[in-house]
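Below is run16.cif, which holds mmCIF, C-alpha atoms.
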data_upload
#
loop_
_atom_site.label_atom_id
_atom_site.label_comp_id
_atom_site.auth_asym_id
_atom_site.auth_seq_id
_atom_site.Cartn_x
_atom_site.Cartn_y
_atom_site.Cartn_z
CA MET A 8 126.91 -33.23 -73.22
CA THR A 9 130.11 -32.71 -71.35
CA LEU A 10 132.22 -29.65 -71.94
CA ALA A 11 134.86 -31.77 -73.68
CA VAL A 12 132.34 -33.22 -76.12
CA LEU A 13 130.82 -29.80 -76.67
CA VAL A 14 134.16 -28.22 -77.59
CA ALA A 15 135.36 -31.21 -79.61
CA THR A 16 132.23 -31.72 -81.69
CA VAL A 17 131.19 -28.17 -82.37
CA GLY A 18 133.61 -26.20 -84.50
CA LEU A 19 132.11 -22.87 -83.70
CA ALA A 20 133.95 -19.57 -83.75
CA ALA A 21 133.64 -17.62 -80.51
CA PRO A 22 133.45 -13.83 -80.60
CA GLN A 23 136.70 -12.20 -81.62
CA LEU A 24 137.20 -10.73 -78.16
CA ALA A 25 137.30 -14.12 -76.48
CA SER A 26 139.18 -16.07 -79.15
CA SER A 27 141.92 -13.48 -79.53
CA ALA A 28 142.99 -13.70 -75.86
CA PRO A 29 145.80 -16.05 -74.79
CA ARG A 30 144.61 -19.54 -73.90
CA GLU A 31 146.58 -19.46 -70.64
CA ASP A 32 144.28 -16.67 -69.40
CA PRO A 33 141.54 -18.48 -67.37
CA ARG A 34 139.12 -15.59 -67.73
CA ALA A 35 139.50 -15.49 -71.49
CA GLU A 36 139.15 -19.27 -71.69
CA ARG A 37 135.89 -19.12 -69.75
CA GLU A 38 134.65 -16.43 -72.10
CA ARG A 39 135.56 -18.53 -75.11
CA VAL A 40 133.73 -21.62 -73.81
CA ARG A 41 130.72 -19.55 -72.76
CA ALA A 42 130.54 -17.95 -76.21
CA GLU A 43 130.76 -21.34 -77.92
CA ARG A 44 127.93 -22.69 -75.77
CA ALA A 45 125.81 -19.67 -76.66
CA GLU A 46 126.52 -20.12 -80.36
CA LEU A 47 125.53 -23.77 -80.12
CA ALA A 48 122.32 -22.83 -78.31
CA THR A 49 121.17 -20.73 -81.26
CA LYS A 50 121.42 -23.79 -83.52
CA ILE A 51 119.02 -25.93 -81.50
CA ASP A 52 116.08 -27.41 -83.43
CA THR A 53 113.16 -26.10 -81.40
CA THR A 54 110.69 -28.35 -83.23
CA LYS A 55 112.43 -31.50 -81.96
CA ALA A 56 114.24 -30.45 -78.79
CA SER A 57 112.93 -31.48 -75.38
CA LEU A 58 111.98 -28.88 -72.80
CA SER A 59 115.13 -29.77 -70.89
CA GLU A 60 117.27 -29.09 -73.95
CA ILE A 61 115.46 -25.81 -74.56
CA ASP A 62 116.00 -24.84 -70.93
CA ASP A 63 119.71 -25.56 -71.32
CA ALA A 64 119.87 -23.43 -74.47
CA ILE A 65 118.07 -20.53 -72.80
CA GLN A 66 120.37 -20.82 -69.79
CA ALA A 67 123.48 -20.82 -71.97
CA LEU A 68 122.35 -17.66 -73.75
CA GLN A 69 121.42 -15.94 -70.51
CA GLU A 70 124.79 -16.76 -68.95
CA ASN A 71 126.61 -15.48 -72.02
CA LEU A 72 124.64 -12.25 -72.10
CA ALA A 73 125.10 -11.71 -68.35
CA GLY A 74 128.84 -12.30 -68.69
CA GLU A 75 129.17 -9.87 -71.56
CA GLU A 76 127.15 -7.26 -69.68
CA ARG A 77 129.42 -7.62 -66.64
CA ALA A 78 132.46 -7.21 -68.86
CA LEU A 79 130.90 -4.13 -70.45
CA GLU A 80 130.22 -2.63 -67.03
CA LYS A 81 133.87 -3.11 -66.07
CA ALA A 82 135.03 -1.52 -69.33
CA GLU A 83 132.70 1.43 -68.81
CA ALA A 84 133.95 1.84 -65.23
CA ALA A 85 137.54 1.77 -66.50
CA VAL A 86 136.75 4.45 -69.08
CA ALA A 87 135.11 6.59 -66.40
CA GLN A 88 138.14 6.19 -64.11
CA ALA A 89 140.53 7.09 -66.91
CA LYS A 90 138.48 10.20 -67.66
CA LYS A 91 138.61 11.15 -63.98
CA ASP A 92 142.37 10.64 -63.93
CA ILE A 93 142.71 12.88 -66.97
CA ALA A 94 140.57 15.57 -65.35
CA ASP A 95 142.54 15.36 -62.09
CA ALA A 96 145.86 15.62 -63.93
CA GLU A 97 144.67 18.54 -66.04
CA LYS A 98 143.46 20.29 -62.91
CA ALA A 99 146.86 19.75 -61.28
CA ILE A 100 148.59 21.03 -64.44
CA ALA A 101 146.49 24.18 -64.36
CA ALA A 102 147.33 24.69 -60.68
CA ARG A 103 151.07 24.20 -61.27
CA ASN A 104 151.04 26.57 -64.24
CA GLY A 105 149.41 29.20 -62.04
CA GLU A 106 151.90 28.59 -59.27
CA ILE A 107 154.84 28.82 -61.67
CA LYS A 108 153.47 32.06 -63.08
CA VAL A 109 153.34 33.60 -59.59
CA LEU A 110 156.81 32.33 -58.69
CA LYS A 111 158.33 33.66 -61.90
CA ALA A 112 156.71 37.06 -61.31
CA GLU A 113 158.22 37.12 -57.85
CA MET A 114 161.61 36.13 -59.26
CA ARG A 115 161.44 39.01 -61.72
CA THR A 116 160.50 41.42 -58.93
CA ARG A 117 163.46 40.30 -56.81
CA ALA A 118 165.81 40.48 -59.76
CA VAL A 119 164.82 44.11 -60.32
CA ARG A 120 165.24 44.83 -56.63
CA ALA A 121 168.67 43.18 -56.59
CA TYR A 122 169.72 45.27 -59.56
CA VAL A 123 168.59 48.52 -57.91
CA SER A 124 169.94 47.58 -54.49
CA PRO A 125 172.63 44.89 -54.84
CA PRO A 126 173.23 42.58 -51.86
CA GLY A 127 176.76 43.99 -51.53
CA ASP A 128 175.34 47.39 -50.50
CA ASP A 129 173.60 45.76 -47.56
CA VAL A 130 176.85 44.12 -46.41
CA LEU A 131 178.76 47.39 -46.63
CA THR A 132 176.03 49.13 -44.67
CA VAL A 133 176.29 46.51 -41.94
CA LEU A 134 180.09 46.81 -41.77
CA GLY A 135 179.97 50.63 -41.67
CA THR A 136 177.65 50.89 -38.69
CA LYS A 137 179.04 51.47 -35.21
CA ASP A 138 175.86 50.17 -33.51
CA PHE A 139 176.40 46.49 -32.81
CA THR A 140 172.70 45.75 -32.25
CA SER A 141 171.60 47.47 -35.45
CA ALA A 142 174.41 45.77 -37.35
CA ALA A 143 173.27 42.32 -36.11
CA GLU A 144 169.66 42.99 -37.09
CA ARG A 145 170.65 44.22 -40.53
CA ARG A 146 172.85 41.18 -41.09
CA PHE A 147 169.96 38.94 -40.10
CA TYR A 148 167.69 40.53 -42.71
CA VAL A 149 170.40 40.25 -45.38
CA ASP A 150 170.73 36.52 -44.67
CA LEU A 151 166.96 36.13 -44.53
CA ARG A 152 166.53 37.75 -47.92
CA ALA A 153 169.20 35.49 -49.39
CA GLN A 154 167.44 32.43 -47.92
CA ASP A 155 164.07 33.61 -49.28
CA ASP A 156 165.63 33.81 -52.72
CA VAL A 157 166.90 30.25 -52.39
CA ASP A 158 163.47 29.00 -51.18
CA LEU A 159 161.78 30.79 -54.02
CA ALA A 160 164.10 29.13 -56.52
CA ASP A 161 163.49 25.74 -54.88
CA ASN A 162 159.74 26.24 -55.04
CA LEU A 163 159.95 27.14 -58.69
CA ASP A 164 162.09 24.09 -59.44
CA GLY A 165 159.64 21.88 -57.52
CA ALA A 166 156.63 23.32 -59.37
CA VAL A 167 158.31 22.81 -62.74
CA THR A 168 159.21 19.21 -61.83
CA ASP A 169 155.67 18.45 -60.63
CA LEU A 170 154.25 20.04 -63.76
CA ALA A 171 156.29 17.66 -65.90
CA TYR A 172 155.05 14.74 -63.75
CA GLN A 173 151.40 15.78 -64.08
CA LYS A 174 151.80 16.11 -67.84
CA ARG A 175 153.20 12.58 -68.02
CA LYS A 176 150.35 11.40 -65.80
CA ALA A 177 147.76 13.07 -68.05
CA ALA A 178 149.35 11.57 -71.15
CA ALA A 179 149.30 8.10 -69.58
CA ALA A 180 145.65 8.53 -68.53
CA LYS A 181 144.68 9.60 -72.05
CA LYS A 182 146.46 6.60 -73.52
CA ARG A 183 144.70 4.35 -71.02
CA ALA A 184 141.36 5.99 -71.82
CA ASP A 185 141.85 5.33 -75.54
CA ALA A 186 142.58 1.68 -74.83
CA GLN A 187 139.57 1.37 -72.52
CA ARG A 188 137.31 3.03 -75.08
CA ALA A 189 138.40 0.43 -77.61
CA GLU A 190 137.68 -2.29 -75.02
CA GLN A 191 134.31 -0.70 -74.29
CA GLN A 192 133.42 -0.70 -78.00
CA LYS A 193 134.33 -4.38 -78.31
CA ARG A 194 132.34 -5.25 -75.21
CA THR A 195 129.35 -3.27 -76.46
CA GLU A 196 129.43 -5.22 -79.70
CA SER A 197 129.70 -8.48 -77.75
CA VAL A 198 126.60 -7.56 -75.73
CA ARG A 199 124.72 -6.77 -78.93
CA GLN A 200 125.77 -10.10 -80.39
CA ALA A 201 124.64 -11.93 -77.23
CA GLU A 202 121.28 -10.14 -77.35
CA ALA A 203 120.91 -11.02 -81.03
CA GLN A 204 121.59 -14.68 -80.24
CA GLN A 205 118.99 -14.61 -77.51
CA GLN A 206 116.47 -12.97 -79.84
CA SER A 207 117.23 -15.56 -82.51
CA LEU A 208 116.30 -18.38 -80.16
CA SER A 209 113.18 -16.49 -79.04
CA ASP A 210 112.11 -16.07 -82.65
CA LYS A 211 112.61 -19.77 -83.34
CA LEU A 212 110.68 -20.73 -80.21
CA GLN A 213 107.89 -18.34 -81.12
CA ALA A 214 107.61 -19.78 -84.62
CA THR A 215 107.46 -23.28 -83.13
CA VAL A 216 104.80 -22.23 -80.62
CA ASP A 217 102.65 -20.60 -83.31
CA SER A 218 102.94 -23.62 -85.58
CA GLN A 219 102.22 -26.13 -82.82
CA ILE A 220 99.25 -24.17 -81.48
CA SER A 221 97.68 -24.24 -84.93
CA ARG A 222 98.37 -27.98 -85.06
CA SER A 223 96.81 -28.45 -81.62
CA VAL A 224 93.69 -26.56 -82.63
CA GLU A 225 93.36 -28.63 -85.79
CA LEU A 226 93.91 -31.92 -83.94
CA GLY A 227 91.28 -30.92 -81.40
CA LYS A 228 88.66 -31.99 -83.93
CA THR A 229 89.99 -35.55 -84.28
CA ASP A 230 92.48 -36.34 -81.48
CA ARG A 231 91.85 -34.36 -78.33
CA ALA A 232 94.44 -36.27 -76.29
CA LEU A 233 97.25 -35.42 -78.71
CA SER A 234 95.89 -31.91 -79.06
CA ALA A 235 96.01 -31.44 -75.28
CA LYS A 236 99.55 -32.85 -75.09
CA ILE A 237 100.81 -30.45 -77.76
CA ALA A 238 99.01 -27.51 -76.16
CA LYS A 239 100.51 -28.34 -72.76
CA GLN A 240 104.03 -28.31 -74.21
CA GLN A 241 103.40 -24.98 -75.92
CA ALA A 242 102.08 -23.44 -72.69
CA GLU A 243 105.36 -24.36 -71.03
CA LEU A 244 107.30 -22.80 -73.90
CA VAL A 245 105.22 -19.63 -73.70
CA ALA A 246 106.03 -19.38 -69.99
CA ARG A 247 109.72 -19.61 -70.83
CA LEU A 248 109.43 -16.93 -73.50
CA ALA A 249 107.58 -14.69 -71.07
CA ALA A 250 110.29 -15.19 -68.43
CA GLN A 251 112.98 -14.39 -70.99
CA LYS A 252 111.16 -11.22 -72.03
CA ALA A 253 110.66 -10.18 -68.41
CA ALA A 254 114.38 -10.69 -67.74
CA GLN A 255 115.26 -8.49 -70.71
CA GLN A 256 112.85 -5.79 -69.54
CA GLU A 257 114.46 -5.88 -66.10
CA ARG A 258 117.93 -5.52 -67.67
CA ASP A 259 116.69 -2.58 -69.73
CA ARG A 260 115.19 -1.00 -66.61
CA ARG A 261 118.44 -1.33 -64.67
CA ALA A 262 120.40 0.07 -67.60
CA ALA A 263 118.05 3.06 -67.83
CA LEU A 264 118.39 3.72 -64.09
CA ALA A 265 122.18 3.48 -64.30
CA ALA A 266 122.27 5.85 -67.26
CA ALA A 267 120.05 8.34 -65.46
CA ALA A 268 122.21 8.15 -62.34
CA ALA A 269 125.38 8.69 -64.39
CA ALA A 270 123.84 11.75 -66.01
CA ASN A 271 122.53 13.08 -62.65
CA GLN A 272 118.98 12.90 -63.97
CA PRO A 273 115.84 11.65 -62.23
CA PRO A 274 115.06 7.98 -62.89
CA PRO A 275 112.88 7.43 -65.98
CA THR A 276 109.21 6.76 -65.43
CA THR A 277 108.08 3.53 -67.00
CA VAL A 278 104.57 2.59 -68.01
CA ALA A 279 103.54 -0.98 -67.37
CA PRO A 280 102.60 -2.81 -70.56
CA VAL A 281 98.90 -3.03 -71.18
CA THR A 282 97.72 -6.62 -71.31
CA PRO A 283 94.23 -7.95 -71.93
CA PRO A 284 92.15 -8.34 -68.77
CA PRO A 285 92.77 -11.60 -66.93
CA SER A 286 90.24 -14.29 -67.64
CA ASN A 287 89.51 -15.29 -64.06
CA GLN A 288 85.86 -14.37 -64.29
CA SER A 289 84.68 -17.75 -63.15
CA PRO A 290 81.52 -18.16 -61.08
CA GLY A 291 78.86 -15.48 -60.78
CA GLY A 292 79.10 -12.14 -62.47
CA GLY A 293 75.59 -10.70 -62.75
CA GLU A 294 73.53 -10.25 -65.88
CA SER A 295 75.40 -10.30 -69.17
CA ASN A 296 74.88 -7.57 -71.73
CA PRO A 297 73.52 -8.36 -75.21
CA LEU A 298 76.29 -9.01 -77.68
CA PRO A 299 76.58 -6.91 -80.82
CA PRO A 300 76.68 -8.82 -84.10
CA VAL A 301 79.97 -10.69 -84.18
CA SER A 302 82.08 -10.77 -87.32
CA GLY A 303 85.68 -11.95 -87.37
CA GLY A 304 86.83 -10.01 -84.34
CA GLY A 305 89.46 -7.35 -84.06
CA GLY A 306 93.18 -7.53 -83.42
CA GLY A 307 94.25 -7.62 -79.81
CA GLY A 308 98.00 -7.29 -80.16
CA THR A 309 100.59 -9.70 -78.85
CA GLY A 310 100.67 -11.42 -75.49
CA THR A 311 103.62 -11.53 -73.10
CA GLY A 312 104.85 -14.82 -74.50
CA GLY A 313 104.48 -13.67 -78.10
CA ILE A 314 100.98 -15.07 -78.50
CA SER A 315 99.06 -13.46 -81.37
CA LEU A 316 95.84 -12.13 -79.85
CA CYS A 317 92.48 -11.23 -81.32
CA THR A 318 89.40 -9.91 -79.56
CA VAL A 319 86.04 -11.42 -80.48
CA GLY A 320 82.86 -10.18 -78.84
CA GLY A 321 84.89 -8.63 -76.04
CA ILE A 322 86.82 -11.86 -75.37
CA THR A 323 90.56 -11.87 -76.12
CA VAL A 324 91.86 -15.19 -77.43
CA ASN A 325 94.55 -16.66 -79.63
CA CYS A 326 93.98 -15.58 -83.21
CA ALA A 327 94.11 -19.28 -84.18
CA ILE A 328 90.61 -19.79 -82.68
CA ARG A 329 89.13 -16.47 -83.73
CA THR A 330 86.80 -18.07 -86.27
CA GLN A 331 85.73 -20.83 -83.88
CA LEU A 332 84.86 -18.34 -81.16
CA THR A 333 83.07 -16.06 -83.63
CA ASN A 334 80.86 -18.96 -84.73
CA LEU A 335 80.25 -20.05 -81.13
CA LEU A 336 79.17 -16.58 -80.00
CA ASN A 337 76.93 -16.13 -83.03
CA GLY A 338 75.38 -19.55 -82.43
CA ALA A 339 74.61 -18.68 -78.81
CA ARG A 340 73.27 -15.29 -79.85
CA ALA A 341 70.95 -16.92 -82.35
CA SER A 342 69.57 -18.94 -79.42
CA GLY A 343 68.99 -15.77 -77.43
CA LEU A 344 72.02 -16.23 -75.18
CA ALA A 345 74.70 -13.53 -74.79
CA LEU A 346 78.00 -15.14 -73.84
CA THR A 347 80.68 -13.02 -72.22
CA GLY A 348 83.84 -13.81 -70.31
CA GLY A 349 87.61 -13.69 -70.36
CA GLY A 350 90.11 -15.58 -72.46
CA TYR A 351 93.83 -14.88 -72.62
CA ARG A 352 95.73 -14.56 -69.36
CA ASP A 353 99.44 -13.78 -69.37
CA PRO A 354 101.90 -15.84 -67.28
CA ALA A 355 102.31 -13.04 -64.74
CA ALA A 356 98.56 -12.99 -64.13
CA GLN A 357 98.59 -16.78 -63.77
CA ILE A 358 101.26 -16.48 -61.08
CA GLU A 359 99.17 -13.88 -59.23
CA LEU A 360 96.16 -16.20 -59.35
CA ARG A 361 98.24 -19.02 -57.92
CA LYS A 362 99.35 -16.75 -55.08
CA ALA A 363 95.75 -15.82 -54.35
CA HIS A 364 94.29 -19.34 -54.67
CA CYS A 365 97.18 -21.59 -53.63
CA GLY A 366 99.64 -19.65 -51.43
CA THR A 367 102.73 -17.55 -51.80
CA SER A 368 105.51 -20.12 -51.28
CA TYR A 369 107.52 -21.43 -54.22
CA TYR A 370 105.86 -24.83 -53.79
CA ALA A 371 102.39 -23.30 -53.71
CA ILE A 372 102.96 -21.20 -56.81
CA TYR A 373 104.87 -23.60 -59.04
CA GLU A 374 104.43 -27.18 -57.76
CA MET A 375 101.20 -27.63 -55.81
CA PRO A 376 98.58 -29.63 -57.76
CA ALA A 377 95.88 -27.45 -59.25
CA SER A 378 93.22 -29.43 -57.37
CA SER A 379 94.78 -28.41 -54.02
CA CYS A 380 94.07 -24.73 -54.67
CA HIS A 381 90.80 -22.98 -53.84
CA PRO A 382 89.42 -22.63 -56.42
CA PRO A 383 91.50 -25.04 -58.53
CA THR A 384 94.13 -23.09 -60.49
CA ALA A 385 96.57 -24.42 -63.07
CA ARG A 386 100.31 -24.14 -62.46
CA PRO A 387 102.10 -21.33 -64.33
CA GLY A 388 103.13 -22.63 -67.71
CA SER A 389 100.33 -25.20 -67.89
CA SER A 390 97.16 -23.15 -68.28
CA GLN A 391 95.44 -23.00 -71.66
CA HIS A 392 94.58 -19.39 -70.82
CA GLU A 393 98.28 -18.59 -71.29
CA LEU A 394 97.94 -19.77 -74.89
CA GLY A 395 94.67 -17.93 -75.44
CA LEU A 396 92.95 -21.27 -76.10
CA ALA A 397 90.65 -21.24 -73.05
CA ILE A 398 87.69 -19.10 -72.03
CA ASP A 399 86.04 -18.60 -68.65
CA PHE A 400 82.43 -17.74 -69.47
CA SER A 401 80.45 -15.50 -67.16
CA ASN A 402 77.16 -16.77 -65.69
CA CYS A 403 78.37 -20.38 -65.94
CA SER A 404 78.98 -20.85 -62.22
CA SER A 405 76.96 -24.06 -62.09
CA ARG A 406 75.78 -26.81 -64.39
CA SER A 407 72.23 -25.65 -63.89
CA SER A 408 72.90 -22.25 -65.49
CA ALA A 409 71.52 -21.47 -68.94
CA CYS A 410 75.05 -20.65 -70.06
CA TYR A 411 76.42 -24.07 -69.11
CA ARG A 412 73.40 -26.00 -70.48
CA TRP A 413 73.73 -24.35 -73.89
CA LEU A 414 77.51 -24.84 -74.02
CA ALA A 415 77.23 -28.48 -72.92
CA ALA A 416 74.81 -29.11 -75.77
CA ASN A 417 76.53 -27.08 -78.49
CA ALA A 418 80.16 -26.07 -77.72
CA ALA A 419 81.74 -29.30 -79.02
CA GLY A 420 80.35 -28.53 -82.45
CA TYR A 421 82.48 -25.39 -82.46
CA GLY A 422 85.60 -27.09 -81.09
CA PHE A 423 85.28 -26.12 -77.40
CA TYR A 424 85.22 -28.61 -74.52
CA ASN A 425 84.60 -28.27 -70.81
CA LEU A 426 86.99 -28.86 -67.92
CA PRO A 427 84.74 -31.03 -65.70
CA SER A 428 85.83 -29.44 -62.43
CA GLU A 429 84.96 -25.92 -63.67
CA PRO A 430 81.59 -25.39 -65.39
CA TRP A 431 82.73 -21.98 -66.64
CA HIS A 432 86.04 -23.16 -68.20
CA TRP A 433 85.97 -24.16 -71.87
CA SER A 434 88.90 -24.70 -74.20
CA THR A 435 89.97 -26.36 -77.44
CA THR A 436 91.42 -29.29 -75.48
CA GLY A 437 89.08 -29.59 -72.50
CA ASN A 438 91.93 -28.73 -70.14
#
Once you've parsed the file, please lay out its structure as structure tokens.
Amino acid sequence: MTLAVLVATVGLAAPQLASSAPREDPRAERERVRAERAELATKIDTTKASLSEIDDAIQALQENLAGEERALEKAEAAVAQAKKDIADAEKAIAARNGEIKVLKAEMRTRAVRAYVSPPGDDVLTVLGTKDFTSAAERRFYVDLRAQDDVDLADNLDGAVTDLAYQKRKAAAAKKRADAQRAEQQKRTESVRQAEAQQQSLSDKLQATVDSQISRSVELGKTDRALSAKIAKQQAELVARLAAQKAAQQERDRRAALAAAAAANQPPPTTVAPVTPPPSNQSPGGGESNPLPPVSGGGGGGTGTGGISLCTVGGITVNCAIRTQLTNLLNGARASGLALTGGGYRDPAAQIELRKAHCGTSYYAIYEMPASSCHPPTARPGSSQHELGLAIDFSNCSSRSSACYRWLAANAAGYGFYNLPSEPWHWSTTGN
């Protein structure tokens, strides 16, 4: 959609801050358009939108939030400068008041001295002396004292004038600070609104992902091709959600550092989020330990992309396949086989695997075909591990292993299928 169509067809109200500014102000006009695009992005139907449309919506919200955060930073800097100006003016006022106090004390001292010994007495003394040299010196000191009195008066007048100026300066700085605080409050509210819009889209995307994953798992029993297609789309959405969350965490980190610096405090220590162990336990792995009796599995929290995780027999997977995995592990156990391995892998771990197996360039990480990596590794946003729908079983390094032979004969009955190029990799779609 072009900007003209966007503005003409969507009667959306931009935030008050943007809409209240004059239209001839280019900055305000950009804010208004940006806010309208963000508002439109929150109304996208995530169940029907293409990935390209979702990307555009995410981008619009990110740009709006970034713009509001920049505006807030400027408002906060303006408030800080106004506060500094107030402090400087008040310091100057205090200095001038002290100076005036000293000058007035000196004026009082000289007034008393003039009363006790009037200037006329000095002149008469000079005229009455017969010593020309002494008379000249005394006249010099009389004139000097008179000039000192004039300088003192000038200094006092100057201090009083500057005091009045500093008071006007302080008053203007306070007025400016009040205006900037109001601007800061508006900008803070705009940032909160932008964050709420971003969270709204994330919530809608998450609900779509959860619904479509359940649909994919169900279709896996009757239409594996459609199931795999749906799962692939959801993996891409999960990668986008994870990137959005990571961006927000980075913004929060920068904000915390800035706040600590402003308060002259040491930077806060952050603890990296605990995620389930990556499921890259492919070939090899030694003897597996006997599994305890498996029931329904325990909760495993939430993955980076919002995936609901459950842990079954030590394997963390999407809660949507908890029952399937429970039945699979119990079936293997009944046959005397203890199956172990890794399931869910967050997008960040997938990127690290691509770096290790494919290379560190952008092409190697995000574009190189999985088959060109050693060992083959799915592109970020395309692995079923990122959905918690795939498991890499230990001791399944070859098709001759007991693990693989049992899975090949029985896993399909539980809804798990093998990726032909990797004997250890089993998922609800076979990808």
So what does the PyMOL selection byres ((chain A and resi 364) around 7) actually pick up in this one, as a ChimeraX atom specification? /A:360-363,365-366,380-382,384
Convert the output of the PyMOL selection byres ((chain A and resi 87) around 12) on the shown file into explicit residues, formatted as JSON, numbers by chain. {"A": [80, 81, 82, 83, 84, 85, 86, 88, 89, 90, 91, 92, 93, 94, 180, 181, 183, 184, 185, 187, 188, 191, 269]}
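With distances restricted to all atoms listed in the file, A:Val198 is the closest residue to A:Ala78 from A:Val198, A:Ala99, A:Asp32, A:Ala177.
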Residue members of the PyMOL selection byres ((chain A and resi 243) around 10) in the file shown, as a CSV table (one decimal) with C-alpha atoms, in the coordinates of the input:
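Contents of result-v5.csv, freshly written:
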chain,number,residue,atom,x,y,z
A,58,LEU,CA,112.0,-28.9,-72.8
A,216,VAL,CA,104.8,-22.2,-80.6
A,238,ALA,CA,99.0,-27.5,-76.2
A,239,LYS,CA,100.5,-28.3,-72.8
A,240,GLN,CA,104.0,-28.3,-74.2
A,241,GLN,CA,103.4,-25.0,-75.9
A,242,ALA,CA,102.1,-23.4,-72.7
A,244,LEU,CA,107.3,-22.8,-73.9
A,245,VAL,CA,105.2,-19.6,-73.7
A,246,ALA,CA,106.0,-19.4,-70.0
A,247,ARG,CA,109.7,-19.6,-70.8
A,248,LEU,CA,109.4,-16.9,-73.5
A,249,ALA,CA,107.6,-14.7,-71.1
A,354,PRO,CA,101.9,-15.8,-67.3
A,386,ARG,CA,100.3,-24.1,-62.5
A,387,PRO,CA,102.1,-21.3,-64.3
A,388,GLY,CA,103.1,-22.6,-67.7
A,389,SER,CA,100.3,-25.2,-67.9
A,390,SER,CA,97.2,-23.2,-68.3
A,393,GLU,CA,98.3,-18.6,-71.3
A,394,LEU,CA,97.9,-19.8,-74.9
I'd like to know which of A:Arg412, A:Ala112, A:Arg329, A:Asp62 is closest to A:Ala250, using all atoms listed in the file. A:Asp62
Which residues are near A:Asp164? Cut-off 12 Å, only C-alpha atoms, ignore same chain within fewer than 5 positions. Put them as a VMD selection string. chain A and resid 103 106 to 107 110 to 111 157 to 159 169 to 171
Print the selection's residues with C-alpha atoms to a file, as a CSV table (one decimal), in the frame of the given file.
chain,number,residue,atom,x,y,z
A,103,ARG,CA,151.1,24.2,-61.3
A,106,GLU,CA,151.9,28.6,-59.3
A,107,ILE,CA,154.8,28.8,-61.7
A,110,LEU,CA,156.8,32.3,-58.7
A,111,LYS,CA,158.3,33.7,-61.9
A,157,VAL,CA,166.9,30.2,-52.4
A,158,ASP,CA,163.5,29.0,-51.2
A,159,LEU,CA,161.8,30.8,-54.0
A,169,ASP,CA,155.7,18.4,-60.6
A,170,LEU,CA,154.2,20.0,-63.8
A,171,ALA,CA,156.3,17.7,-65.9
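Going from atom CA of A:Gln256 over to atom CA of A:Thr49, you cover 20.7 Å.
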Give one line per residue of stretch 400-435 of chain A that approaches stretch 309-324 of chain A to at most 12 Å, naming the two atoms of the closest pair and their distance in Å to one decimal, counting all atoms listed in the file; sort by chain then ascending residue number and deliver it as CSV.
residue,atom,partner,partner_atom,distance
A:Phe400,CA,A:Ile322,CA,9.4
A:Ser401,CA,A:Ile322,CA,11.0
A:Ser434,CA,A:Val324,CA,10.5
A:Thr435,CA,A:Val324,CA,11.3
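Pairwise distance (atom CA of A:Ile372, atom CA of A:Gln391) equals 16.7 Å.
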Could you check the closest approach to A:Ala355 for each of A:Leu233, A:Ala253, A:Val224, A:Leu79 and tell me which residue wins, using all atoms listed in the file? A:Ala253
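The space separating atom CA of A:Arg34 from atom CA of A:Ala186 comes to 19.0 Å.
Distances to A:Lys193 were evaluated for A:Ala64, A:Glu75, A:His392, A:Tyr122 using all atoms listed in the file, and the minimum falls at A:Glu75.
For the residues A:Gln69, A:Ser57, A:Glu46, A:Val119, ranking by smallest atom-to-atom distance to A:Ala254 using all atoms listed in the file places A:Gln69 first.
For A:Gln219, the set of protein, DNA and RNA residues having any atom at most 7 Å away, when counting only C-alpha atoms and skipping those fewer than 4 positions along the same chain, is A:Thr215, A:Ser223, A:Ile237.
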Store the residues of this selection in a file with C-alpha atoms, as a compact mmCIF listing (two decimals), keeping the file's coordinate frame.
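Generated file (out.txt):
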# COMPACT_ATOMS: atom_id res chain seq x y z
CA THR A 215 107.46 -23.28 -83.13
CA SER A 223 96.81 -28.45 -81.62
CA ILE A 237 100.81 -30.45 -77.76
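Proximity to A:Lys55 was assessed for A:Ala341, A:Leu212, A:Cys403, A:Leu68 counting all atoms listed in the file; the smallest distance is recorded for A:Leu212.
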